[in-house]
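To be precise, the following lines are upload_28.txt, and they hold compact mmCIF, C-alpha atoms.
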# COMPACT_ATOMS: atom_id res chain seq x y z
CA MET A 1 23.50 194.76 210.48
CA ALA A 2 23.79 191.02 210.34
CA CYS A 3 27.06 189.86 208.82
CA HIS A 4 25.17 188.11 206.04
CA LYS A 5 21.64 188.15 204.54
CA ASP A 6 21.39 184.46 205.38
CA TYR A 7 21.85 185.20 209.04
CA GLU A 8 19.34 188.03 208.94
CA TYR A 9 16.83 185.56 207.55
CA LYS A 10 17.76 183.03 210.22
CA LEU A 11 17.20 185.58 212.96
CA HIS A 12 13.65 186.11 211.70
CA GLN A 13 13.09 182.38 211.45
CA TYR A 14 14.21 182.14 215.02
CA LEU A 15 11.85 184.91 216.15
CA ASP A 16 8.99 183.11 214.41
CA GLY A 17 9.88 179.87 216.17
CA ASP A 18 10.46 178.23 212.78
CA MET A 19 13.71 176.44 213.60
CA THR A 20 14.77 172.93 214.38
CA GLU A 21 16.88 172.33 217.46
CA THR A 22 20.08 171.88 215.46
CA GLU A 23 19.44 175.05 213.45
CA ARG A 24 18.88 176.89 216.70
CA ASP A 25 22.09 175.59 218.27
CA GLU A 26 23.98 176.56 215.16
CA LEU A 27 22.54 180.10 215.37
CA TYR A 28 23.39 180.40 219.07
CA GLN A 29 26.99 179.45 218.32
CA HIS A 30 27.14 182.03 215.58
CA LEU A 31 25.73 184.76 217.81
CA ASP A 32 28.40 183.96 220.38
CA THR A 33 31.13 184.68 217.89
CA CYS A 34 29.62 187.31 215.57
CA GLU A 35 29.08 190.67 217.20
CA GLU A 36 27.22 192.18 214.22
CA CYS A 37 24.61 189.48 214.27
CA ALA A 38 24.30 189.59 218.04
CA ILE A 39 23.57 193.32 217.93
CA HIS A 40 21.10 192.85 215.09
CA TYR A 41 19.30 190.22 217.09
CA LYS A 42 19.14 192.42 220.19
CA GLU A 43 17.72 195.31 218.18
CA LEU A 44 15.05 193.13 216.64
CA LYS A 45 14.13 191.68 219.98
CA LYS A 46 13.94 195.16 221.49
CA SER A 47 11.70 196.48 218.69
CA VAL A 48 9.33 193.58 219.13
CA MET A 49 9.20 194.19 222.87
CA PHE A 50 8.43 197.86 222.33
CA VAL A 51 5.56 197.04 220.05
CA GLN A 52 4.27 194.40 222.43
CA SER A 53 4.44 196.86 225.29
CA ALA A 54 2.30 199.34 223.41
CA SER A 55 -0.49 199.76 225.88
CA HIS A 56 -3.73 198.18 225.00
CA ILE A 57 -6.20 200.87 224.25
CA GLU A 58 -9.91 200.57 224.69
CA ALA A 59 -12.80 201.53 222.50
CA PRO A 60 -14.14 205.00 223.31
CA PHE A 61 -16.95 205.57 225.77
CA GLU A 62 -20.40 204.63 224.46
CA PHE A 63 -18.92 203.05 221.37
CA THR A 64 -21.54 200.29 221.28
CA GLU A 65 -24.38 202.82 221.51
CA GLY A 66 -22.86 204.67 218.58
CA VAL A 67 -22.81 201.52 216.49
CA LEU A 68 -26.39 200.61 217.37
CA LYS A 69 -27.60 204.07 216.51
CA ASN A 70 -26.22 203.63 213.01
CA LEU A 71 -27.77 200.25 212.34
CA PRO A 72 -30.09 200.20 209.34
CA ALA A 73 -33.82 200.06 210.09
CA LYS A 74 -34.96 196.46 210.32
CA LYS A 75 -36.51 195.09 207.20
CA LYS A 76 -39.88 193.57 207.98
CA THR A 77 -40.13 191.48 204.86
CA LYS A 78 -36.95 189.66 205.62
CA TRP A 79 -38.38 186.61 207.40
CA TRP A 80 -40.20 185.14 204.44
CA LYS A 81 -37.24 185.67 202.15
CA LYS A 82 -35.12 183.82 204.64
CA TRP A 83 -37.77 181.12 205.01
CA MET A 84 -37.87 180.65 201.25
CA ARG A 85 -34.12 180.33 201.13
CA GLN A 86 -34.15 177.77 203.90
CA HIS A 87 -36.98 175.66 202.46
CA PRO A 88 -36.48 175.59 198.71
CA VAL A 89 -38.54 172.41 198.24
CA PHE A 90 -41.58 173.86 199.99
CA THR A 91 -41.19 177.04 198.03
CA ALA A 92 -41.03 175.20 194.72
CA ALA A 93 -43.95 172.97 195.68
CA SER A 94 -46.19 175.85 196.69
CA ILE A 95 -45.35 177.86 193.59
CA PHE A 96 -46.15 174.77 191.52
CA THR A 97 -49.47 174.25 193.30
CA VAL A 98 -50.50 177.86 192.85
CA LEU A 99 -49.62 177.83 189.16
CA MET A 100 -51.40 174.52 188.57
CA ALA A 101 -54.53 175.71 190.34
CA ALA A 102 -54.47 178.95 188.38
CA SER A 103 -54.06 177.23 185.04
CA LEU A 104 -56.87 174.76 185.76
CA PHE A 105 -59.09 177.57 186.94
CA PHE A 106 -58.50 179.61 183.84
CA SER A 107 -59.03 176.72 181.49
CA TRP A 108 -62.30 176.03 183.27
CA MET A 109 -63.30 179.68 182.90
CA GLU A 110 -62.59 179.44 179.20
CA GLN A 111 -64.63 176.33 178.83
CA SER A 112 -67.72 177.57 180.60
CA ASP A 113 -68.55 179.93 177.77
CA GLU A 114 -71.87 178.30 177.01
CA VAL A 115 -70.82 176.41 173.89
CA LEU A 116 -72.13 172.92 173.90
CA THR A 117 -69.42 170.45 173.07
CA VAL A 118 -69.58 166.75 172.67
CA ALA A 119 -66.65 164.46 172.45
CA GLY A 120 -66.72 160.77 172.09
CA SER A 121 -69.23 159.73 169.53
CA GLN A 122 -71.05 160.23 166.33
CA ASN A 123 -74.18 158.24 167.27
CA VAL A 124 -75.87 161.07 169.16
CA GLU A 125 -78.53 163.62 168.43
CA ILE A 126 -78.00 167.17 169.50
CA ASP A 127 -80.96 169.36 170.40
CA HIS A 128 -79.52 172.85 170.33
CA GLU A 129 -82.71 174.58 171.63
CA THR A 130 -82.74 172.78 174.93
CA GLY A 131 -79.03 172.16 174.91
CA THR A 132 -79.44 168.45 175.19
CA VAL A 133 -77.41 165.61 173.79
CA ILE A 134 -79.49 162.52 173.20
CA VAL A 135 -78.27 159.01 172.79
CA PRO A 136 -81.26 157.60 170.90
CA GLU A 137 -82.89 154.34 171.69
CA GLY A 138 -81.21 151.38 170.07
CA LYS A 139 -78.04 153.36 169.31
CA THR A 140 -74.74 152.52 170.95
CA VAL A 141 -71.96 154.95 171.78
CA GLU A 142 -68.69 153.09 171.56
CA GLY A 143 -66.28 154.30 174.22
CA ASP A 144 -66.52 157.34 176.47
CA LEU A 145 -68.99 160.19 176.03
CA TYR A 146 -67.98 163.64 177.15
CA VAL A 147 -70.44 166.55 177.13
CA ARG A 148 -69.70 170.10 178.15
CA ASN A 149 -72.30 172.83 178.75
CA GLY A 150 -75.28 170.62 177.98
CA HIS A 151 -77.63 167.98 179.32
CA VAL A 152 -77.51 164.36 178.32
CA GLU A 153 -80.30 161.92 177.88
CA VAL A 154 -79.26 158.35 177.50
CA LYS A 155 -81.94 156.21 175.93
CA GLY A 156 -79.54 153.91 174.16
CA GLU A 157 -76.20 152.55 175.34
CA VAL A 158 -72.79 154.01 176.23
CA THR A 159 -70.05 151.40 176.44
CA GLY A 160 -67.57 153.69 178.19
CA ASP A 161 -67.79 156.40 180.85
CA LEU A 162 -70.22 159.31 180.71
CA THR A 163 -68.96 162.69 181.81
CA VAL A 164 -71.15 165.78 181.97
CA ILE A 165 -69.67 169.17 182.71
CA ASN A 166 -72.02 172.03 183.60
CA GLY A 167 -75.08 169.95 182.83
CA GLU A 168 -77.20 167.07 184.00
CA GLN A 169 -77.69 163.58 182.79
CA TYR A 170 -80.91 161.62 182.55
CA LEU A 171 -80.65 157.96 182.25
CA ALA A 172 -83.80 156.56 180.70
CA SER A 173 -84.98 153.21 182.01
CA ALA A 174 -83.99 151.55 178.76
CA GLY A 175 -80.66 153.40 178.61
CA ARG A 176 -77.44 151.88 179.78
CA VAL A 177 -73.99 153.25 180.60
CA ALA A 178 -71.39 150.56 180.99
CA GLY A 179 -68.75 152.78 182.63
CA GLU A 180 -68.99 155.43 185.32
CA ILE A 181 -71.31 158.41 185.18
CA GLU A 182 -69.87 161.68 186.37
CA GLU A 183 -71.39 165.11 186.65
CA VAL A 184 -69.08 168.06 187.14
CA ASP A 185 -70.59 171.42 187.97
CA GLN A 186 -68.16 173.59 189.79
CA ALA A 187 -64.62 174.68 189.33
CA LEU A 188 -63.41 172.74 192.31
CA GLU A 189 -65.11 169.59 191.15
CA TRP A 190 -63.72 170.15 187.73
CA ILE A 191 -60.21 170.47 189.15
CA TRP A 192 -60.79 167.36 191.23
CA TYR A 193 -61.98 165.56 188.11
CA HIS A 194 -58.78 166.58 186.29
CA THR A 195 -56.57 165.55 189.15
CA LYS A 196 -58.33 162.21 189.26
CA ARG A 197 -57.97 161.79 185.54
CA ILE A 198 -54.24 162.54 185.68
CA ALA A 199 -53.89 160.12 188.57
CA ASN A 200 -55.85 157.48 186.69
CA ASP A 201 -53.72 157.97 183.59
CA VAL A 202 -50.55 157.60 185.59
CA PHE A 203 -51.97 154.59 187.36
CA SER A 204 -53.14 152.87 184.21
CA LEU A 205 -49.82 153.62 182.53
CA GLU A 206 -48.11 151.84 185.36
CA GLN A 207 -50.47 148.96 184.97
CA GLU A 208 -49.78 148.74 181.28
CA ASP A 209 -46.09 148.66 181.99
CA GLU A 210 -46.43 145.66 184.20
CA MET B 1 -16.55 182.52 224.76
CA ASP B 2 -16.98 180.64 221.52
CA ALA B 3 -20.30 179.18 222.63
CA VAL B 4 -21.53 182.64 223.60
CA VAL B 5 -20.45 184.08 220.27
CA LYS B 6 -22.17 181.24 218.40
CA ARG B 7 -25.42 181.82 220.26
CA LEU B 8 -25.30 185.58 219.66
CA ILE B 9 -24.63 185.13 215.97
CA LYS B 10 -27.49 182.66 215.64
CA GLU B 11 -29.83 185.23 217.16
CA ILE B 12 -28.55 187.99 214.91
CA LYS B 13 -28.89 185.78 211.84
CA LYS B 14 -32.41 184.75 212.80
CA ASP B 15 -34.07 188.13 213.14
CA GLY B 16 -31.35 190.76 213.28
CA ASP B 17 -31.56 190.81 217.09
CA GLU B 18 -30.03 194.16 218.08
CA LYS B 19 -29.55 193.18 221.71
CA ALA B 20 -27.48 190.17 220.73
CA PHE B 21 -25.54 192.38 218.36
CA ALA B 22 -24.83 194.89 221.13
CA GLU B 23 -23.39 192.05 223.22
CA LEU B 24 -21.23 191.00 220.31
CA VAL B 25 -19.96 194.55 219.83
CA ASP B 26 -19.09 194.74 223.54
CA LEU B 27 -17.08 191.55 223.26
CA TYR B 28 -14.96 192.69 220.33
CA LYS B 29 -14.99 196.49 220.38
CA ASP B 30 -11.64 196.90 222.17
CA LYS B 31 -9.76 194.58 219.84
CA VAL B 32 -11.35 196.05 216.73
CA PHE B 33 -10.71 199.57 217.94
CA GLN B 34 -7.13 198.67 218.80
CA ILE B 35 -6.47 197.34 215.29
CA ALA B 36 -8.12 200.39 213.74
CA TYR B 37 -6.17 202.75 215.97
CA ARG B 38 -2.82 201.13 215.27
CA MET B 39 -3.58 201.02 211.58
CA THR B 40 -4.81 204.58 211.15
CA GLY B 41 -2.75 206.16 213.90
CA ASN B 42 -5.48 208.44 215.12
CA HIS B 43 -8.45 208.22 217.37
CA TYR B 44 -11.09 209.67 215.08
CA GLU B 45 -10.40 207.58 212.04
CA ALA B 46 -10.05 204.57 214.31
CA GLN B 47 -13.49 205.14 215.77
CA ASP B 48 -14.87 205.58 212.29
CA MET B 49 -13.26 202.40 211.00
CA ALA B 50 -14.20 200.36 214.06
CA GLN B 51 -17.81 201.46 213.86
CA GLU B 52 -17.93 200.78 210.14
CA SER B 53 -16.48 197.31 210.76
CA PHE B 54 -19.33 196.39 213.07
CA LEU B 55 -21.96 197.86 210.80
CA ARG B 56 -20.63 195.85 207.88
CA ALA B 57 -20.47 192.72 210.00
CA TYR B 58 -24.13 193.24 210.93
CA ALA B 59 -25.21 193.88 207.36
CA ASN B 60 -23.33 190.85 206.04
CA ILE B 61 -23.84 188.46 208.92
CA ASP B 62 -25.57 185.98 206.59
CA ARG B 63 -22.32 185.61 204.72
CA TYR B 64 -20.37 184.70 207.83
CA ASP B 65 -19.54 180.99 207.84
CA GLU B 66 -20.14 179.67 211.35
CA ASN B 67 -17.50 176.98 210.95
CA ARG B 68 -14.82 179.63 211.00
CA LYS B 69 -13.73 181.86 213.81
CA PHE B 70 -15.83 184.99 214.12
CA SER B 71 -12.87 187.13 215.17
CA THR B 72 -11.00 186.16 212.00
CA TRP B 73 -13.92 187.30 209.87
CA LEU B 74 -14.41 190.50 211.86
CA PHE B 75 -10.71 191.44 211.92
CA ARG B 76 -10.54 190.91 208.21
CA ILE B 77 -13.29 193.45 207.71
CA THR B 78 -11.44 195.89 209.96
CA THR B 79 -8.01 195.52 208.35
CA ASN B 80 -9.50 195.75 204.86
CA LEU B 81 -11.40 198.91 205.77
CA CYS B 82 -8.28 200.46 207.30
CA ILE B 83 -6.02 199.58 204.37
CA ASP B 84 -8.64 201.03 202.04
CA ARG B 85 -8.81 204.19 204.10
CA LEU B 86 -5.03 204.57 204.18
CA ARG B 87 -4.94 204.24 200.43
CA LYS B 88 -7.55 206.94 199.97
CA ARG B 89 -6.49 209.52 202.46
CA LYS B 90 -4.62 212.56 201.34
CA PRO B 91 -3.46 214.66 204.26
CA ASP B 92 -1.55 212.82 206.94
CA TYR B 93 -3.27 212.78 210.27
CA SER B 94 -1.20 212.91 213.37
CA LEU B 95 -1.62 212.20 217.03
CA ASP B 96 -0.05 215.59 217.68
CA GLU B 97 -3.03 217.24 216.12
CA GLU B 98 -5.29 218.93 218.56
CA ILE B 99 -8.66 217.24 218.67
CA LYS B 100 -11.37 219.64 217.62
CA GLY B 101 -13.43 221.01 220.47
CA THR B 102 -11.36 219.46 223.23
CA ASP B 103 -9.21 222.48 224.08
CA GLY B 104 -5.65 221.30 223.79
CA LEU B 105 -6.25 217.59 224.04
CA THR B 106 -4.11 215.58 221.64
CA GLY B 107 -4.58 212.05 220.41
CA TYR B 108 -2.21 210.65 223.01
CA ALA B 109 -4.62 211.52 225.76
CA GLN B 110 -6.97 208.99 224.23
CA ILE B 111 -4.58 206.15 224.91
CA ALA B 112 -5.85 204.36 227.97
CA ALA B 113 -3.88 205.25 231.03
CA THR B 114 -2.27 202.54 233.05
CA ASP B 115 -2.26 202.40 236.82
CA GLN B 116 1.18 203.94 237.13
CA LEU B 117 2.24 207.01 239.03
CA PRO B 118 1.94 210.31 237.18
CA GLU B 119 5.71 210.68 236.64
CA ASP B 120 5.99 207.24 235.13
CA GLN B 121 2.97 207.97 233.03
CA VAL B 122 4.72 210.84 231.31
CA VAL B 123 7.53 208.51 230.31
CA THR B 124 5.06 205.86 229.27
CA LEU B 125 3.11 208.33 227.15
CA GLU B 126 6.31 209.46 225.44
CA MET B 127 7.23 205.87 224.79
CA GLN B 128 3.75 205.11 223.56
CA GLU B 129 3.92 208.02 221.19
CA TRP B 130 7.26 206.90 219.86
CA VAL B 131 6.22 203.28 219.38
CA GLN B 132 2.95 204.30 217.76
CA LYS B 133 4.84 206.56 215.35
CA ALA B 134 7.12 203.70 214.42
CA ILE B 135 4.15 201.41 213.79
CA VAL B 136 2.30 204.00 211.74
CA SER B 137 5.43 204.62 209.68
CA LEU B 138 5.30 201.05 208.36
CA PRO B 139 3.81 200.41 204.92
CA PRO B 140 0.17 199.27 205.45
CA LYS B 141 0.72 195.63 204.50
CA TYR B 142 3.61 195.21 206.96
CA ARG B 143 1.73 197.29 209.50
CA SER B 144 -1.33 195.04 209.55
CA ALA B 145 0.81 191.91 209.92
CA ILE B 146 2.87 193.41 212.77
CA ILE B 147 -0.23 194.68 214.61
CA LEU B 148 -1.96 191.33 214.42
CA ARG B 149 1.20 189.47 215.42
CA TYR B 150 2.48 191.60 218.29
CA ILE B 151 -0.42 193.67 219.52
CA GLU B 152 -3.28 191.23 219.01
CA ASP B 153 -0.88 188.37 219.73
CA LEU B 154 -2.17 186.09 216.95
CA ASN B 155 -0.22 183.29 215.29
CA ILE B 156 0.88 183.18 211.66
CA GLN B 157 -1.96 180.90 210.62
CA GLN B 158 -4.61 183.18 212.13
CA ILE B 159 -3.01 186.23 210.51
CA SER B 160 -2.90 184.41 207.19
CA ASN B 161 -6.64 183.77 207.49
CA ILE B 162 -7.43 187.34 208.45
CA LEU B 163 -5.35 188.96 205.75
CA ASP B 164 -6.23 186.27 203.21
CA LEU B 165 -2.56 185.81 202.33
CA PRO B 166 -0.42 182.67 202.23
CA GLU B 167 1.48 182.00 205.47
CA ASN B 168 4.83 182.56 203.79
CA THR B 169 3.75 185.97 202.57
CA VAL B 170 2.64 186.86 206.08
CA LYS B 171 6.03 185.78 207.40
CA THR B 172 7.82 187.91 204.82
CA HIS B 173 5.67 190.92 205.75
CA ILE B 174 6.45 190.38 209.42
CA HIS B 175 10.18 190.03 208.68
CA ARG B 176 10.24 193.25 206.70
CA GLY B 177 8.09 194.99 209.29
CA ARG B 178 10.44 193.92 212.06
CA GLU B 179 13.44 195.16 210.10
CA ALA B 180 11.79 198.53 209.52
CA LEU B 181 10.91 198.81 213.19
CA ARG B 182 14.43 197.85 214.17
CA LYS B 183 15.84 200.70 212.14
CA ARG B 184 13.49 203.17 213.83
CA LEU B 185 13.61 201.86 217.37
CA LYS B 186 17.18 200.60 217.76
CA ASP B 187 18.47 203.84 219.24
CA ALA B 188 16.09 203.78 222.19

Let me see the file written as C-alpha cells.
Amino acid sequence: MACHKDYEYKLHQYLDGDMTETERDELYQHLDTCEECAIHYKELKKSVMFVQSASHIEAPFEFTEGVLKNLPAKKKTKWWKKWMRQHPVFTAASIFTVLMAASLFFSWMEQSDEVLTVAGSQNVEIDHETGTVIVPEGKTVEGDLYVRNGHVEVKGEVTGDLTVINGEQYLASAGRVAGEIEEVDQALEWIWYHTKRIANDVFSLEQEDE
Amino acid sequence: MDAVVKRLIKEIKKDGDEKAFAELVDLYKDKVFQIAYRMTGNHYEAQDMAQESFLRAYANIDRYDENRKFSTWLFRITTNLCIDRLRKRKPDYSLDEEIKGTDGLTGYAQIAATDQLPEDQVVTLEMQEWVQKAIVSLPPKYRSAIILRYIEDLNIQQISNILDLPENTVKTHIHRGREALRKRLKDA
C-alpha cells in the first residue's frame, strides 16, 4: 500500500499522464525513498500490463452473416417518409395545394346545384322558366353583375364586370358592358377564375397601398 | 478508414443498404466482440451482445450524428447493452463452463490463439484465464472504463464520450479499477 492516500492518488495521476514535470520529479524522488509506494507503483504497473497483454480476441466465424440474417425486413414505404422529412417545404406546399384544390372543387360542386343566383344588382328581370337574367333596355346595372346557373341577356348597361357561371351570356346590340365579360363553365375554369380573383385582389390591394 | 465509414453510413442511411452494412460490421466486429467478451466474460453472451449492438445500430442509424465518431456511438451501444445484461442476469456464467454441444470445449478455447509454440500457449491460456477473471471480477462501471482504456486503448476523452460520463468520473473509475486489479494480480 502507498504510504499515504495522497501518494496513491498521485500514482494514478502519473499513470494517466496527468502530471506536470515538477510533480513528476517530486514523485520520482518520493519513490526512490519510500519502499511502500514503490511497490504499490510496481503492482499497478504490472496489473495494467497484464490487462494490456490480454490477447485480442476476434469475433466468431460467420459473425457478420449472423447479424445480416437477423436484420429486419426492409420497409418499402420508407423512402417517401424520408423524402418528406428532408423536404418539409415541398411537403407543406403540396399538402396546401391539394387541400386548396379540394376545397375549391367541393365549393364548386355545392354551387352547381341548379339554383339560379344573381349577385350585383336590383335592376334586372329574372325569367325563372328559361333560367335567364335580363338586364332590360334602358336600365343600368351599377357595378359588377354575377350570375350563377343561368343565362344572361344584356339589353341595357352594366357598368362593371359581367360574370356568368354555368350559363351563357347574350349581349344585345343595344346592350353594353363596361367591364370584362367572363363565362365560367367547368370546375377547372372556375378554379382558375378564383385564383385570378384572389390574385387580382392581392394586386389591387397593393396598388391601393401605394 | 473514416472516409470509408462515412460512405458506408451514407449508403445505409439512404436505403438501408445491407451490403454496406455488412462491410461496416466487418470493420468493427472484432472490437465490438472484444468489448462484449471482456464485459460479459463469456463467449455466448458476448456474441449475443455484439450481434444486438449491430442490429440496434442498423435500426437507429438515422439517429447517428455524422459529425461524431462512429466507433464512439457504436461502442456506447455495446457497453450499455452489456451493463444492462450484467444487471439483469441471475446465475453467474463462467469460462470454465463447458459449451453445450462442443464436447468438453470450454470458453477459453474461444480465445484466439497466438502464433506461439504449444507449450507457451498453455501458459498463455492460463494467464489469459487469470487476467480475464480479474477483469470480470470488477464492478461493471469500472470494468467498462478499464476495458476501453487498456484493451481498446482509447484515451480518457473518447471513453468519456462512449460512457457518457464526465472525464473526471472516468478517471476515478479507472483509478478504482486499477486498484482492484492490483489487489487481484499483484501476486503473479

Considering all atoms listed in the file, tabulate each residue of chain A that lies at most 6 Å from chain B along with its nearest interatomic pair and the corresponding distance in Å to one decimal; arrange the rows by chain and ascending residue number and present them as JSON lines.
{"residue": "A:Glu43", "atom": "CA", "partner": "B:Lys186", "partner_atom": "CA", "distance": 5.3}
{"residue": "A:Leu44", "atom": "CA", "partner": "B:Arg182", "partner_atom": "CA", "distance": 5.4}
{"residue": "A:Ser47", "atom": "CA", "partner": "B:Arg182", "partner_atom": "CA", "distance": 5.5}
{"residue": "A:Gln52", "atom": "CA", "partner": "B:Tyr150", "partner_atom": "CA", "distance": 5.3}
{"residue": "A:Ala54", "atom": "CA", "partner": "B:Gln128", "partner_atom": "CA", "distance": 6.0}
{"residue": "A:Ile57", "atom": "CA", "partner": "B:Ala112", "partner_atom": "CA", "distance": 5.1}
{"residue": "A:Glu58", "atom": "CA", "partner": "B:Asp30", "partner_atom": "CA", "distance": 4.8}
{"residue": "A:Ala59", "atom": "CA", "partner": "B:Asp30", "partner_atom": "CA", "distance": 4.8}
{"residue": "A:Val67", "atom": "CA", "partner": "B:Gln51", "partner_atom": "CA", "distance": 5.6}

Tell me which of A:Tyr170, A:Glu8, A:Leu104, A:Glu153 sits closest to Tyr193 in chain A, counting only C-alpha atoms.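 Answer, going by the shortest atom-to-atom distance: A:Leu104.
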
Distance of CA of Ser107 in chain A from CA of Asp161 in chain A, expressed in Å to one decimal place: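 Going from CA of Asp161 in chain A over to CA of Ser107 in chain A covers 22.1 Å.
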
Distance in Å - CA of Ile159 in chain B versus CA of Arg68 in chain B: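 Taking CA of Ile159 in chain B and CA of Arg68 in chain B, their separation equals 13.5 Å.
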
Counting all atoms listed in the file, which residues come within 12 Å of (-4.1, 184.3, 206.9), with the point read in the file's coordinates, and could you list them as number ranges by chain? B: 72-73, 75-76, 79, 144-145, 148-149, 154-171, 173

Interatomic distance between CA of Val4 in chain B and CA of Glu66 in chain B?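 Computing the Euclidean distance for CA of Val4 in chain B and CA of Glu66 in chain B yields 12.7 Å.
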
Tell me which of A:Val202, A:Arg197, A:His151, A:Leu71 sits closest to Glu183 in chain A, counting only C-alpha atoms.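 Counting only C-alpha atoms, the residue closest to Glu183 in chain A is A:His151.
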
Near Tyr146 in chain A, counting all atoms listed in the file, which residues have an atom at most 6 Å away, once you skip same-chain residues fewer than 4 positions from it, shown as a tab-separated table (two decimals) with C-alpha atoms, in the frame of the given file?
chain	number	residue	atom	x	y	z
A	118	VAL	CA	-69.58	166.75	172.67
A	119	ALA	CA	-66.65	164.46	172.45
A	120	GLY	CA	-66.72	160.77	172.09
A	163	THR	CA	-68.96	162.69	181.81
